[in-house]
file input.txt (compact mmCIF, C-alpha atoms)
# COMPACT_ATOMS: atom_id res chain seq x y z
CA MET C 1 -103.80 -9.13 67.10
CA THR C 2 -102.86 -11.57 64.36
CA ILE C 3 -101.07 -10.52 61.20
CA LEU C 4 -104.22 -11.21 59.18
CA SER C 5 -106.30 -8.94 61.39
CA HIS C 6 -103.86 -6.08 60.77
CA THR C 7 -104.35 -6.44 57.01
CA GLU C 8 -107.94 -5.31 57.44
CA ASN C 9 -106.91 -1.76 58.37
CA LEU C 10 -103.27 -1.43 57.24
CA ARG C 11 -102.23 -1.07 53.62
CA THR C 12 -99.84 -3.76 52.49
CA PRO C 13 -96.93 -4.09 52.32
CA PHE C 14 -95.97 -3.47 55.94
CA TYR C 15 -93.65 -4.93 58.54
CA HIS C 16 -94.91 -6.87 61.53
CA TYR C 17 -92.77 -7.29 64.66
CA ASP C 18 -93.42 -9.97 67.26
CA SER C 19 -92.75 -8.32 70.62
CA ALA C 20 -92.99 -11.60 72.55
CA LEU C 21 -90.27 -13.20 70.44
CA LEU C 22 -88.10 -10.09 70.74
CA SER C 23 -88.47 -10.21 74.52
CA ARG C 24 -87.54 -13.90 74.64
CA THR C 25 -84.49 -13.21 72.49
CA LEU C 26 -83.31 -10.39 74.75
CA GLU C 27 -83.86 -12.61 77.78
CA ALA C 28 -81.80 -15.38 76.17
CA ILE C 29 -78.90 -12.97 75.62
CA SER C 30 -79.06 -11.65 79.18
CA SER C 31 -79.20 -15.19 80.57
CA ALA C 32 -76.20 -16.30 78.52
CA ILE C 33 -73.97 -13.54 79.94
CA ALA C 34 -75.40 -13.40 83.46
CA ASP C 35 -72.30 -15.12 84.86
CA SER C 36 -69.92 -12.74 83.07
CA PRO C 37 -70.25 -9.19 84.44
CA SER C 38 -67.43 -8.02 82.19
CA PHE C 39 -69.50 -8.84 79.07
CA HIS C 40 -71.51 -5.97 77.55
CA VAL C 41 -73.84 -6.20 74.54
CA HIS C 42 -74.48 -3.28 72.20
CA TYR C 43 -77.36 -3.66 69.77
CA ALA C 44 -76.33 -2.85 66.17
CA VAL C 45 -78.88 -0.18 65.27
CA LYS C 46 -78.25 -0.56 61.54
CA ALA C 47 -80.14 -3.89 61.60
CA CYS C 48 -83.45 -2.25 62.51
CA ALA C 49 -84.05 1.27 63.79
CA THR C 50 -87.82 1.12 64.10
CA PRO C 51 -88.64 3.12 67.27
CA SER C 52 -90.86 0.43 68.83
CA VAL C 53 -88.06 -2.12 68.42
CA LEU C 54 -85.33 0.21 69.72
CA SER C 55 -87.32 1.21 72.79
CA ARG C 56 -87.79 -2.46 73.78
CA ILE C 57 -84.06 -3.13 73.43
CA SER C 58 -82.97 -0.04 75.35
CA ALA C 59 -85.48 -0.82 78.12
CA ALA C 60 -83.83 -4.25 78.47
CA GLY C 61 -80.57 -2.50 79.39
CA PHE C 62 -78.53 -3.05 76.24
CA GLY C 63 -76.14 -0.54 74.72
CA ALA C 64 -76.14 0.63 71.11
CA ASP C 65 -73.69 0.22 68.25
CA CYS C 66 -74.17 3.07 65.77
CA VAL C 67 -72.66 3.70 62.34
CA SER C 68 -73.98 7.20 61.66
CA GLY C 69 -74.87 10.41 63.41
CA GLY C 70 -78.51 9.76 62.59
CA GLU C 71 -78.37 6.42 64.40
CA ILE C 72 -76.84 8.10 67.46
CA VAL C 73 -79.67 10.62 67.56
CA ARG C 74 -82.30 7.89 67.07
CA ALA C 75 -80.74 5.70 69.76
CA VAL C 76 -80.70 8.50 72.33
CA GLU C 77 -84.30 9.39 71.46
CA GLN C 78 -85.32 5.79 72.14
CA GLY C 79 -83.70 5.62 75.57
CA PHE C 80 -80.15 4.36 75.04
CA ARG C 81 -77.67 5.97 77.39
CA PRO C 82 -74.92 7.86 75.50
CA SER C 83 -72.37 6.24 77.82
CA ASP C 84 -73.44 2.88 76.35
CA ILE C 85 -73.13 3.95 72.70
CA VAL C 86 -70.18 3.08 70.45
CA PHE C 87 -69.75 4.71 67.05
CA ALA C 88 -68.24 2.81 64.11
CA GLY C 89 -67.93 3.44 60.38
CA VAL C 90 -65.18 4.17 57.87
CA GLY C 91 -66.55 7.56 56.81
CA LYS C 92 -67.56 9.62 59.85
CA SER C 93 -68.34 13.17 58.77
CA ASP C 94 -67.47 16.24 60.84
CA TRP C 95 -71.05 16.84 61.98
CA GLU C 96 -71.38 13.21 63.06
CA ILE C 97 -68.18 13.42 65.10
CA ARG C 98 -69.41 16.62 66.75
CA THR C 99 -72.78 15.04 67.49
CA ALA C 100 -71.11 12.06 69.16
CA LEU C 101 -68.84 14.30 71.22
CA GLU C 102 -71.75 16.49 72.31
CA CYS C 103 -73.70 13.40 73.37
CA GLY C 104 -70.77 11.96 75.32
CA ILE C 105 -70.66 8.49 73.78
CA ALA C 106 -68.59 5.64 75.21
CA ALA C 107 -66.15 5.30 72.30
CA PHE C 108 -65.40 5.99 68.66
CA ASN C 109 -64.35 2.84 66.81
CA VAL C 110 -61.62 4.47 64.71
CA GLU C 111 -60.83 2.88 61.35
CA SER C 112 -57.86 4.88 60.03
CA VAL C 113 -55.05 7.23 61.03
CA GLU C 114 -56.69 9.90 58.91
CA GLU C 115 -59.92 9.59 60.89
CA LEU C 116 -57.98 9.64 64.16
CA ASP C 117 -56.40 12.98 63.26
CA VAL C 118 -59.76 14.53 62.35
CA ILE C 119 -61.40 13.36 65.59
CA ASN C 120 -58.45 14.74 67.54
CA ALA C 121 -58.71 18.14 65.83
CA ILE C 122 -62.48 18.42 66.30
CA ALA C 123 -62.25 17.34 69.95
CA LEU C 124 -59.59 19.96 70.66
CA GLU C 125 -61.71 22.60 68.92
CA MET C 126 -64.65 21.65 71.16
CA GLY C 127 -62.55 21.45 74.32
CA LYS C 128 -63.19 17.74 74.71
CA VAL C 129 -61.25 14.48 74.79
CA ALA C 130 -62.64 11.74 72.57
CA PRO C 131 -62.46 8.12 73.81
CA VAL C 132 -61.26 5.97 70.92
CA ALA C 133 -60.99 2.25 70.28
CA LEU C 134 -58.93 1.31 67.26
CA ARG C 135 -60.63 -1.05 64.83
CA ILE C 136 -58.01 -3.62 63.92
CA ASN C 137 -58.45 -5.78 60.85
CA PRO C 138 -57.60 -9.30 62.11
CA ASN C 139 -57.50 -10.85 58.61
CA VAL C 140 -59.88 -13.63 59.73
CA ASP C 141 -62.10 -15.22 57.08
CA ALA C 142 -65.71 -15.45 58.30
CA HIS C 143 -66.64 -17.81 55.41
CA THR C 144 -69.80 -15.86 54.68
CA HIS C 145 -71.22 -13.93 51.72
CA GLU C 146 -68.54 -11.82 50.01
CA LYS C 147 -70.65 -8.68 50.38
CA ILE C 148 -70.89 -8.97 54.18
CA THR C 149 -67.39 -10.08 55.14
CA THR C 150 -65.40 -7.33 56.85
CA GLY C 151 -62.34 -8.85 58.51
CA LEU C 152 -60.00 -9.57 55.58
CA ASN C 153 -57.11 -7.39 54.46
CA GLU C 154 -58.91 -6.81 51.14
CA ASN C 155 -61.89 -5.16 52.88
CA LYS C 156 -62.23 -1.41 53.38
CA PHE C 157 -62.64 -1.67 57.13
CA GLY C 158 -60.14 -1.20 59.93
CA ILE C 159 -56.44 -0.72 60.50
CA ALA C 160 -53.99 -3.43 59.46
CA ALA C 161 -52.83 -5.56 62.38
CA GLU C 162 -49.23 -4.87 61.36
CA ALA C 163 -49.78 -1.14 62.00
CA MET C 164 -51.56 -1.60 65.36
CA LEU C 165 -48.65 -0.76 67.63
CA SER C 166 -47.58 2.36 65.75
CA VAL C 167 -51.15 3.71 65.59
CA ILE C 168 -51.63 3.13 69.32
CA ARG C 169 -48.43 5.05 69.98
CA ARG C 170 -49.71 7.86 67.78
CA THR C 171 -53.04 7.87 69.61
CA GLN C 172 -51.26 8.16 72.95
CA SER C 173 -49.37 11.22 71.69
CA LEU C 174 -52.50 13.19 70.77
CA GLU C 175 -54.16 15.50 73.30
CA GLY C 176 -57.70 15.37 71.91
CA VAL C 177 -58.18 11.60 72.11
CA ARG C 178 -57.85 8.90 74.75
CA PHE C 179 -57.03 5.29 73.85
CA VAL C 180 -59.58 2.98 75.51
CA GLY C 181 -59.38 -0.28 73.60
CA LEU C 182 -59.43 -2.38 70.46
CA HIS C 183 -62.34 -3.18 68.18
CA PHE C 184 -62.78 -6.11 65.79
CA HIS C 185 -65.54 -7.29 63.46
CA ILE C 186 -65.13 -10.09 60.93
CA GLY C 187 -68.47 -10.20 59.12
CA SER C 188 -72.14 -11.04 59.29
CA GLN C 189 -74.45 -14.08 59.13
CA ILE C 190 -71.78 -16.40 60.55
CA THR C 191 -73.44 -19.74 61.27
CA THR C 192 -70.48 -21.79 62.58
CA PHE C 193 -68.29 -20.98 65.55
CA GLY C 194 -64.94 -21.64 63.85
CA PRO C 195 -64.48 -18.02 62.70
CA PHE C 196 -65.17 -16.74 66.23
CA GLU C 197 -62.65 -19.22 67.62
CA ALA C 198 -60.08 -17.99 65.10
CA LEU C 199 -60.84 -14.41 66.11
CA CYS C 200 -60.22 -15.24 69.78
CA HIS C 201 -56.82 -16.74 68.98
CA ARG C 202 -55.92 -13.75 66.84
CA ILE C 203 -56.91 -11.26 69.55
CA ASN C 204 -54.92 -13.21 72.14
CA ALA C 205 -51.81 -12.96 69.98
CA LEU C 206 -52.29 -9.23 69.38
CA THR C 207 -52.89 -8.39 73.05
CA ASP C 208 -49.86 -10.49 74.05
CA THR C 209 -47.80 -8.28 71.75
CA LEU C 210 -49.17 -5.14 73.38
CA ARG C 211 -48.61 -6.52 76.87
CA ARG C 212 -44.94 -7.04 76.09
CA GLU C 213 -44.81 -3.40 75.00
CA GLY C 214 -46.30 -2.28 78.29
CA ILE C 215 -49.64 -1.25 76.73
CA SER C 216 -52.80 -2.12 78.61
CA VAL C 217 -56.13 -2.44 76.82
CA ARG C 218 -59.11 -1.57 78.99
CA THR C 219 -61.78 -2.81 76.59
CA LEU C 220 -61.98 -5.35 73.79
CA ASN C 221 -64.85 -5.20 71.31
CA VAL C 222 -65.34 -8.33 69.20
CA GLY C 223 -68.19 -6.97 67.08
CA GLY C 224 -71.08 -9.24 66.19
CA GLY C 225 -71.83 -11.44 63.20
CA LEU C 226 -73.82 -14.31 64.73
CA GLY C 227 -76.21 -15.63 62.08
CA ILE C 228 -79.78 -16.91 62.13
CA ASP C 229 -81.69 -19.74 60.47
CA TYR C 230 -83.44 -18.30 57.41
CA ASP C 231 -84.53 -21.72 56.14
CA TYR C 232 -86.33 -22.91 59.28
CA PRO C 233 -87.30 -19.81 61.30
CA GLU C 234 -90.05 -21.56 63.23
CA ALA C 235 -87.72 -24.35 64.36
CA HIS C 236 -84.92 -21.98 65.40
CA PRO C 237 -86.47 -18.65 66.37
CA ILE C 238 -83.66 -17.78 68.80
CA PRO C 239 -79.95 -18.22 67.93
CA ASP C 240 -77.64 -20.33 70.09
CA PHE C 241 -76.40 -17.49 72.27
CA GLU C 242 -75.09 -19.89 74.92
CA SER C 243 -72.60 -21.45 72.51
CA TYR C 244 -71.71 -18.10 70.98
CA PHE C 245 -70.79 -16.42 74.26
CA SER C 246 -69.18 -19.58 75.67
CA THR C 247 -66.72 -19.48 72.75
CA PHE C 248 -65.35 -16.19 74.06
CA LYS C 249 -65.56 -17.31 77.70
CA ARG C 250 -63.41 -20.35 76.90
CA LEU C 251 -60.90 -18.97 74.45
CA LEU C 252 -60.39 -15.26 74.95
CA HIS C 253 -57.76 -14.39 77.54
CA LEU C 254 -59.20 -11.48 79.49
CA GLU C 255 -57.15 -9.71 82.12
CA PRO C 256 -58.66 -8.83 85.52
CA GLY C 257 -60.87 -5.79 85.12
CA GLN C 258 -60.84 -5.95 81.32
CA GLU C 259 -64.22 -5.50 79.62
CA LEU C 260 -65.49 -7.41 76.59
CA HIS C 261 -68.04 -5.78 74.29
CA PHE C 262 -70.28 -7.32 71.60
CA GLU C 263 -72.25 -5.73 68.77
CA LEU C 264 -75.14 -8.02 67.86
CA GLY C 265 -77.78 -6.92 65.36
CA ARG C 266 -79.25 -9.56 63.06
CA ALA C 267 -79.28 -12.20 65.81
CA VAL C 268 -81.39 -9.91 68.00
CA VAL C 269 -84.14 -8.78 65.63
CA ALA C 270 -84.20 -10.82 62.40
CA GLN C 271 -86.63 -13.53 63.46
CA CYS C 272 -89.12 -11.21 65.15
CA GLY C 273 -89.89 -9.33 61.93
CA SER C 274 -91.93 -10.32 58.86
CA LEU C 275 -92.78 -8.45 55.67
CA VAL C 276 -96.52 -8.70 55.01
CA SER C 277 -97.71 -8.56 51.39
CA ARG C 278 -100.81 -9.22 49.33
CA VAL C 279 -101.11 -11.24 46.11
CA LEU C 280 -101.99 -8.98 43.19
CA TYR C 281 -102.01 -11.57 40.42
CA VAL C 282 -101.30 -15.23 39.79
CA LYS C 283 -99.85 -15.16 36.29
CA LYS C 284 -99.52 -18.29 34.18
CA GLY C 285 -96.46 -18.02 31.92
CA VAL C 286 -95.26 -20.34 29.19
CA ASP C 287 -92.88 -22.34 31.38
CA LYS C 288 -93.75 -21.28 34.90
CA GLN C 289 -96.26 -19.57 37.16
CA PHE C 290 -95.72 -16.25 38.90
CA VAL C 291 -97.21 -15.00 42.11
CA ILE C 292 -97.00 -11.22 41.86
CA VAL C 293 -97.24 -9.53 45.25
CA ASP C 294 -97.48 -5.85 46.18
CA ALA C 295 -94.18 -5.94 48.10
CA GLY C 296 -90.96 -5.64 46.17
CA MET C 297 -87.26 -4.99 46.34
CA THR C 298 -88.05 -1.47 47.54
CA ASP C 299 -89.49 -3.01 50.70
CA LEU C 300 -87.07 -5.92 51.16
CA VAL C 301 -83.92 -5.59 49.08
CA ARG C 302 -81.92 -8.52 50.45
CA PRO C 303 -83.07 -11.13 47.90
CA ALA C 304 -82.12 -8.83 45.01
CA MET C 305 -78.90 -7.60 46.64
CA TYR C 306 -77.56 -10.80 48.21
CA GLY C 307 -79.66 -13.60 46.76
CA SER C 308 -81.06 -14.07 50.26
CA PHE C 309 -83.93 -16.39 51.11
CA HIS C 310 -86.85 -15.21 53.24
CA LYS C 311 -89.29 -18.03 53.74
CA PRO C 312 -92.69 -17.17 52.19
CA GLU C 313 -95.86 -18.31 53.94
CA ASN C 314 -99.38 -17.96 52.54
CA LEU C 315 -101.43 -17.16 55.64
CA THR C 316 -104.73 -16.97 53.79
CA ALA C 317 -104.29 -20.38 52.18
CA ALA C 318 -103.64 -21.86 55.60
CA VAL C 319 -106.88 -20.37 56.95
CA ARG C 320 -108.98 -21.69 54.08
CA GLY C 321 -107.34 -25.11 54.40
CA GLU C 322 -105.81 -25.15 50.94
CA SER C 323 -104.56 -28.69 50.34
CA SER C 324 -103.16 -28.55 46.81
CA GLU C 325 -99.69 -27.17 46.14
CA GLU C 326 -98.14 -25.55 43.09
CA THR C 327 -94.73 -24.22 42.12
CA TYR C 328 -94.24 -20.48 41.70
CA ASP C 329 -91.75 -17.71 41.20
CA ILE C 330 -92.77 -15.10 43.78
CA VAL C 331 -91.99 -11.65 42.42
CA GLY C 332 -92.69 -8.00 43.12
CA PRO C 333 -94.05 -5.12 41.03
CA ILE C 334 -90.82 -3.14 40.59
CA CYS C 335 -89.66 -2.50 37.02
CA GLU C 336 -86.47 -4.52 37.48
CA SER C 337 -85.81 -8.15 36.54
CA SER C 338 -84.03 -8.60 39.87
CA ASP C 339 -87.26 -7.92 41.78
CA VAL C 340 -87.68 -11.57 42.70
CA PHE C 341 -88.21 -13.03 46.17
CA VAL C 342 -87.81 -16.70 45.29
CA LYS C 343 -87.88 -18.93 42.22
CA GLY C 344 -89.36 -22.39 41.85
CA TYR C 345 -90.98 -22.33 45.28
CA ARG C 346 -93.60 -24.94 46.09
CA MET C 347 -96.42 -23.81 48.36
CA PRO C 348 -100.22 -23.98 48.78
CA ARG C 349 -102.13 -22.74 45.74
CA ALA C 350 -102.32 -18.94 45.73
CA GLN C 351 -105.20 -16.67 44.78
CA ARG C 352 -105.54 -12.96 44.23
CA GLY C 353 -105.85 -11.22 47.60
CA ASP C 354 -103.99 -13.87 49.60
CA ILE C 355 -101.69 -12.58 52.34
CA ILE C 356 -98.12 -13.81 51.96
CA VAL C 357 -95.52 -13.03 54.61
CA PHE C 358 -91.76 -13.21 54.20
CA ARG C 359 -90.17 -14.42 57.42
CA SER C 360 -86.90 -13.49 59.15
CA ALA C 361 -87.12 -9.94 57.79
CA GLY C 362 -86.61 -8.01 61.04
CA ALA C 363 -82.96 -7.29 60.24
CA TYR C 364 -81.97 -5.22 57.19
CA GLY C 365 -85.56 -5.20 55.99
CA GLU C 366 -87.53 -2.09 56.84
CA ILE C 367 -84.37 -0.05 57.49
CA MET C 368 -83.09 -0.64 53.92
CA ALA C 369 -86.39 0.17 52.21
CA SER C 370 -86.32 2.76 49.42
CA GLN C 371 -88.74 4.88 47.41
CA TYR C 372 -87.58 3.69 44.01
CA ASN C 373 -90.42 3.93 41.45
CA CYS C 374 -91.86 6.64 43.76
CA ARG C 375 -93.24 3.93 46.02
CA PRO C 376 -94.18 4.85 49.61
CA LEU C 377 -92.05 3.38 52.37
CA PRO C 378 -93.65 0.42 54.16
CA GLY C 379 -95.26 1.01 57.51
CA SER C 380 -94.82 -1.19 60.57
CA VAL C 381 -96.73 -2.54 63.53
CA MET C 382 -95.70 -4.43 66.68
CA ASP C 383 -97.77 -6.90 68.67
call {"tool": "encode", "arguments": {"input": "input.txt", "output": "structure tokens"}}
result
Amino acid sequence: MTILSHTENLRTPFYHYDSALLSRTLEAISSAIADSPSFHVHYAVKACATPSVLSRISAAGFGADCVSGGEIVRAVEQGFRPSDIVFAGVGKSDWEIRTALECGIAAFNVESVEELDVINAIALEMGKVAPVALRINPNVDAHTHEKITTGLNENKFGIAAEAMLSVIRRTQSLEGVRFVGLHFHIGSQITTFGPFEALCHRINALTDTLRREGISVRTLNVGGGLGIDYDYPEAHPIPDFESYFSTFKRLLHLEPGQELHFELGRAVVAQCGSLVSRVLYVKKGVDKQFVIVDAGMTDLVRPAMYGSFHKPENLTAAVRGESSEETYDIVGPICESSDVFVKGYRMPRAQRGDIIVFRSAGAYGEIMASQYNCRPLPGSVMD
């Protein structure tokens, strides 16, 4: 079915997911790493946890990267093997740690000595040994939005590189945990490969230090962060996975038998999802025109939170062959001045009832929706 046909029986706003594009994206990832059996991709569940999306990704054989106990439960429900799940996050609660241990996940990505001690104590209490990878802050600048950078010393994430050796030694002395590797993540929506190249060089230097100390690292996890094209989604529906993975193939010094793990989220699902809305009013102001739609920041918060651009398309205007264009601010109904999708946007003339979709909304769209103003959460459909 087309998006327009769904609007006949589904209340807007809702999310639409393109299953064919998702399948092509997953195939592109698998193809790019087919010659590297030591490469393993975990899908970052926080990007989109819609069951229909998760089940497609798990069926394709990918692992899961989770940042909460709820995500672990959802991932297992949708077919991800616990042995392919890694668990990150700076604030793991006791029940989440117990849930992960009961499931038998592959590794905890540990972000502090304090967390390490708690995991050790809970594991001993449960009669288990927790596999842990230490998240090391590489102090690499991803040159991305300040609110989604994670790899600098000023960020809340990870253990300082200077403390790596001492924390590994501490890990090795504890009976309730087992050191399995190192984890890194420098940020999100990275659209050039320079930051990934810098990360490779930094990891090489850190693992050289450990090798001289007689410490072997079974797994390396380089996180995710690969960005997408929000401006031209139709031209670039699938990110350049070949170049992304080749960066690590060329520059990262892996030892025989060493595994390399990735945690991709946005790059997997962003382009396959769109937020579907309906025009409520076309309001003529003193200095500008507003298109007021029934979707708002409660349904897609990224424009209000990050100033992000999600390309609007008027599907109804295209069907009726609208030839004239006008300039609008496209806004939502929420009682907040920040409830704005885009300002000064030129597009085909809009009318009440037109269907406007916001593209590239598959990542951090539906999953971040709220019920502010007592609004219902948006539904979703996949074709």
call {"tool": "residues_around", "arguments": {"input": "input.txt", "residues": "region 334-349 of chain C", "least_positions_apart": "2", "cutoff": "8 Å", "atoms": "all atoms listed in the file", "output": "list of chain:residue names"}}
result
C:Gly296, C:Met297, C:Thr298, C:Pro303, C:Ala304, C:Phe309, C:His310, C:Glu313, C:Asn314, C:Ala317, C:Ala318, C:Glu322, C:Ser323, C:Ser324, C:Glu325, C:Glu326, C:Thr327, C:Tyr328, C:Asp329, C:Ile330, C:Val331, C:Gly332, C:Gln351, C:Asn373
call {"tool": "closest_residue", "arguments": {"input": "input.txt", "among": "C:Val269, C:Ala205, C:Ile3, C:Val167", "to": "Arg24 (chain C)", "atoms": "only C-alpha atoms"}}
result
C:Val269
call {"tool": "atom_distance", "arguments": {"input": "input.txt", "atom1": "CA of Asp18 (chain C)", "atom2": "CA of Gly265 (chain C)"}}
result
16.0 Å
call {"tool": "residues_around", "arguments": {"input": "input.txt", "residues": "Gly61 (chain C)", "least_positions_apart": "2", "cutoff": "10 Å", "atoms": "only C-alpha atoms", "output": "PyMOL selection string"}}
result
chain C and resi 26+30+40-42+56-59+63-64+79-81+84
call {"tool": "closest_residue", "arguments": {"input": "input.txt", "among": "C:Gly158, C:Gly181, C:Gly321, C:Gly307", "to": "Pro138 (chain C)", "atoms": "all atoms listed in the file"}}
result
C:Gly158
call {"tool": "atom_distance", "arguments": {"input": "input.txt", "atom1": "CA of Val282 (chain C)", "atom2": "CA of Ala235 (chain C)"}}
result
29.5 Å
call {"tool": "closest_residue", "arguments": {"input": "input.txt", "among": "C:Ile136, C:Val73, C:Leu174, C:Ala161", "to": "Ala123 (chain C)", "atoms": "all atoms listed in the file"}}
result
C:Leu174
call {"tool": "residues_around", "arguments": {"input": "input.txt", "residues": "Arg202 (chain C)", "least_positions_apart": "5", "cutoff": "12 Å", "atoms": "all atoms listed in the file", "output": "list in words"}}
result
Ile136, Asn137, Pro138, Asn139, Val140, Asp141, Gly151, Ala161, Phe184, Ile186, Pro195, Phe196, Glu197, Thr207, Asp208, Thr209, Val222, Leu251, Leu252 and His253 of chain C
call {"tool": "atom_distance", "arguments": {"input": "input.txt", "atom1": "CA of His236 (chain C)", "atom2": "CA of Gln271 (chain C)"}}
result
8.8 Å
call {"tool": "residues_around", "arguments": {"input": "input.txt", "residues": "region 358-363 of chain C", "least_positions_apart": "4", "cutoff": "8 Å", "atoms": "only C-alpha atoms", "output": "list in words"}}
result
Tyr17, Ala47, Cys48, Tyr230, Pro233, Gly265, Arg266, Val269, Ala270, Gln271, Cys272, Gly273, Ser274, Leu275, Val276, Leu300, His310, Lys311, Pro312, Glu313 and Ile367 of chain C
call {"tool": "write_last_selection", "arguments": {"input": "input.txt", "atoms": "C-alpha atoms", "output": "mmCIF file, keeping the file's coordinate frame"}}
result
data_model
loop_
_atom_site.group_PDB
_atom_site.id
_atom_site.type_symbol
_atom_site.label_atom_id
_atom_site.label_comp_id
_atom_site.auth_asym_id
_atom_site.auth_seq_id
_atom_site.Cartn_x
_atom_site.Cartn_y
_atom_site.Cartn_z
ATOM 1 C CA TYR C 17 -92.770 -7.290 64.660
ATOM 2 C CA ALA C 47 -80.140 -3.890 61.600
ATOM 3 C CA CYS C 48 -83.450 -2.250 62.510
ATOM 4 C CA TYR C 230 -83.440 -18.300 57.410
ATOM 5 C CA PRO C 233 -87.300 -19.810 61.300
ATOM 6 C CA GLY C 265 -77.780 -6.920 65.360
ATOM 7 C CA ARG C 266 -79.250 -9.560 63.060
ATOM 8 C CA VAL C 269 -84.140 -8.780 65.630
ATOM 9 C CA ALA C 270 -84.200 -10.820 62.400
ATOM 10 C CA GLN C 271 -86.630 -13.530 63.460
ATOM 11 C CA CYS C 272 -89.120 -11.210 65.150
ATOM 12 C CA GLY C 273 -89.890 -9.330 61.930
ATOM 13 C CA SER C 274 -91.930 -10.320 58.860
ATOM 14 C CA LEU C 275 -92.780 -8.450 55.670
ATOM 15 C CA VAL C 276 -96.520 -8.700 55.010
ATOM 16 C CA LEU C 300 -87.070 -5.920 51.160
ATOM 17 C CA HIS C 310 -86.850 -15.210 53.240
ATOM 18 C CA LYS C 311 -89.290 -18.030 53.740
ATOM 19 C CA PRO C 312 -92.690 -17.170 52.190
ATOM 20 C CA GLU C 313 -95.860 -18.310 53.940
ATOM 21 C CA ILE C 367 -84.370 -0.050 57.490
#
call {"tool": "axis_aligned_box", "arguments": {"input": "input.txt", "around": "region 80-94 of chain C", "padding_each_side": "3 Å", "output": "JSON"}}
result
{"center_x": -72.7, "center_y": 9.5, "center_z": 67.3, "size_x": 21.0, "size_y": 19.4, "size_z": 27.0}
call {"tool": "closest_residue", "arguments": {"input": "input.txt", "among": "C:Phe39, C:Tyr306, C:Phe62, C:Tyr281", "to": "Leu260 (chain C)", "atoms": "all atoms listed in the file"}}
result
C:Phe39
call {"tool": "closest_residue", "arguments": {"input": "input.txt", "among": "C:Ile238, C:Ala198, C:Ile168, C:Leu315", "to": "Ile29 (chain C)", "atoms": "only C-alpha atoms"}}
result
C:Ile238
call {"tool": "closest_residue", "arguments": {"input": "input.txt", "among": "C:Val129, C:Leu4, C:Leu165, C:Val177", "to": "Arg278 (chain C)", "atoms": "only C-alpha atoms"}}
result
C:Leu4
call {"tool": "residues_around", "arguments": {"input": "input.txt", "residues": "Phe193 (chain C)", "least_positions_apart": "6", "cutoff": "10 Å", "atoms": "all atoms listed in the file", "output": "CSV table (one decimal) with C-alpha atoms, keeping the file's coordinate frame"}}
result
chain,number,residue,atom,x,y,z
C,142,ALA,CA,-65.7,-15.4,58.3
C,199,LEU,CA,-60.8,-14.4,66.1
C,226,LEU,CA,-73.8,-14.3,64.7
C,243,SER,CA,-72.6,-21.4,72.5
C,244,TYR,CA,-71.7,-18.1,71.0
C,247,THR,CA,-66.7,-19.5,72.8
call {"tool": "build_atoms", "arguments": {"input": "input.txt", "residues": "region 131-139 of chain C", "atoms": "N, CA, C and O atoms", "output": "PDB file, in the frame of the given file"}}
result
ATOM      1  N   PRO C 131     -62.909   9.495  73.541  1.00  0.00           N
ATOM      2  CA  PRO C 131     -62.460   8.120  73.810  1.00  0.00           C
ATOM      3  C   PRO C 131     -62.459   7.330  72.506  1.00  0.00           C
ATOM      4  O   PRO C 131     -63.460   7.322  71.772  1.00  0.00           O
ATOM      5  N   VAL C 132     -61.349   6.683  72.184  1.00  0.00           N
ATOM      6  CA  VAL C 132     -61.260   5.970  70.920  1.00  0.00           C
ATOM      7  C   VAL C 132     -60.792   4.532  71.129  1.00  0.00           C
ATOM      8  O   VAL C 132     -59.905   4.251  71.934  1.00  0.00           O
ATOM      9  N   ALA C 133     -61.437   3.634  70.390  1.00  0.00           N
ATOM     10  CA  ALA C 133     -60.990   2.250  70.280  1.00  0.00           C
ATOM     11  C   ALA C 133     -60.565   2.051  68.837  1.00  0.00           C
ATOM     12  O   ALA C 133     -61.282   2.464  67.919  1.00  0.00           O
ATOM     13  N   LEU C 134     -59.424   1.489  68.621  1.00  0.00           N
ATOM     14  CA  LEU C 134     -58.930   1.310  67.260  1.00  0.00           C
ATOM     15  C   LEU C 134     -59.488   0.020  66.671  1.00  0.00           C
ATOM     16  O   LEU C 134     -59.355  -1.060  67.266  1.00  0.00           O
ATOM     17  N   ARG C 135     -60.115   0.135  65.503  1.00  0.00           N
ATOM     18  CA  ARG C 135     -60.630  -1.050  64.830  1.00  0.00           C
ATOM     19  C   ARG C 135     -59.487  -1.707  64.062  1.00  0.00           C
ATOM     20  O   ARG C 135     -58.973  -1.151  63.090  1.00  0.00           O
ATOM     21  N   ILE C 136     -59.119  -2.879  64.520  1.00  0.00           N
ATOM     22  CA  ILE C 136     -58.010  -3.620  63.920  1.00  0.00           C
ATOM     23  C   ILE C 136     -58.568  -4.692  62.995  1.00  0.00           C
ATOM     24  O   ILE C 136     -59.479  -5.455  63.370  1.00  0.00           O
ATOM     25  N   ASN C 137     -58.047  -4.745  61.803  1.00  0.00           N
ATOM     26  CA  ASN C 137     -58.450  -5.780  60.850  1.00  0.00           C
ATOM     27  C   ASN C 137     -57.664  -7.058  61.161  1.00  0.00           C
ATOM     28  O   ASN C 137     -56.451  -7.111  60.940  1.00  0.00           O
ATOM     29  N   PRO C 138     -58.330  -8.108  61.683  1.00  0.00           N
ATOM     30  CA  PRO C 138     -57.600  -9.300  62.110  1.00  0.00           C
ATOM     31  C   PRO C 138     -57.228 -10.255  60.987  1.00  0.00           C
ATOM     32  O   PRO C 138     -56.543 -11.249  61.206  1.00  0.00           O
ATOM     33  N   ASN C 139     -57.726  -9.967  59.764  1.00  0.00           N
ATOM     34  CA  ASN C 139     -57.500 -10.850  58.610  1.00  0.00           C
ATOM     35  C   ASN C 139     -57.991 -12.270  58.900  1.00  0.00           C
ATOM     36  O   ASN C 139     -57.305 -13.266  58.627  1.00  0.00           O
TER      37      ASN C 139
END
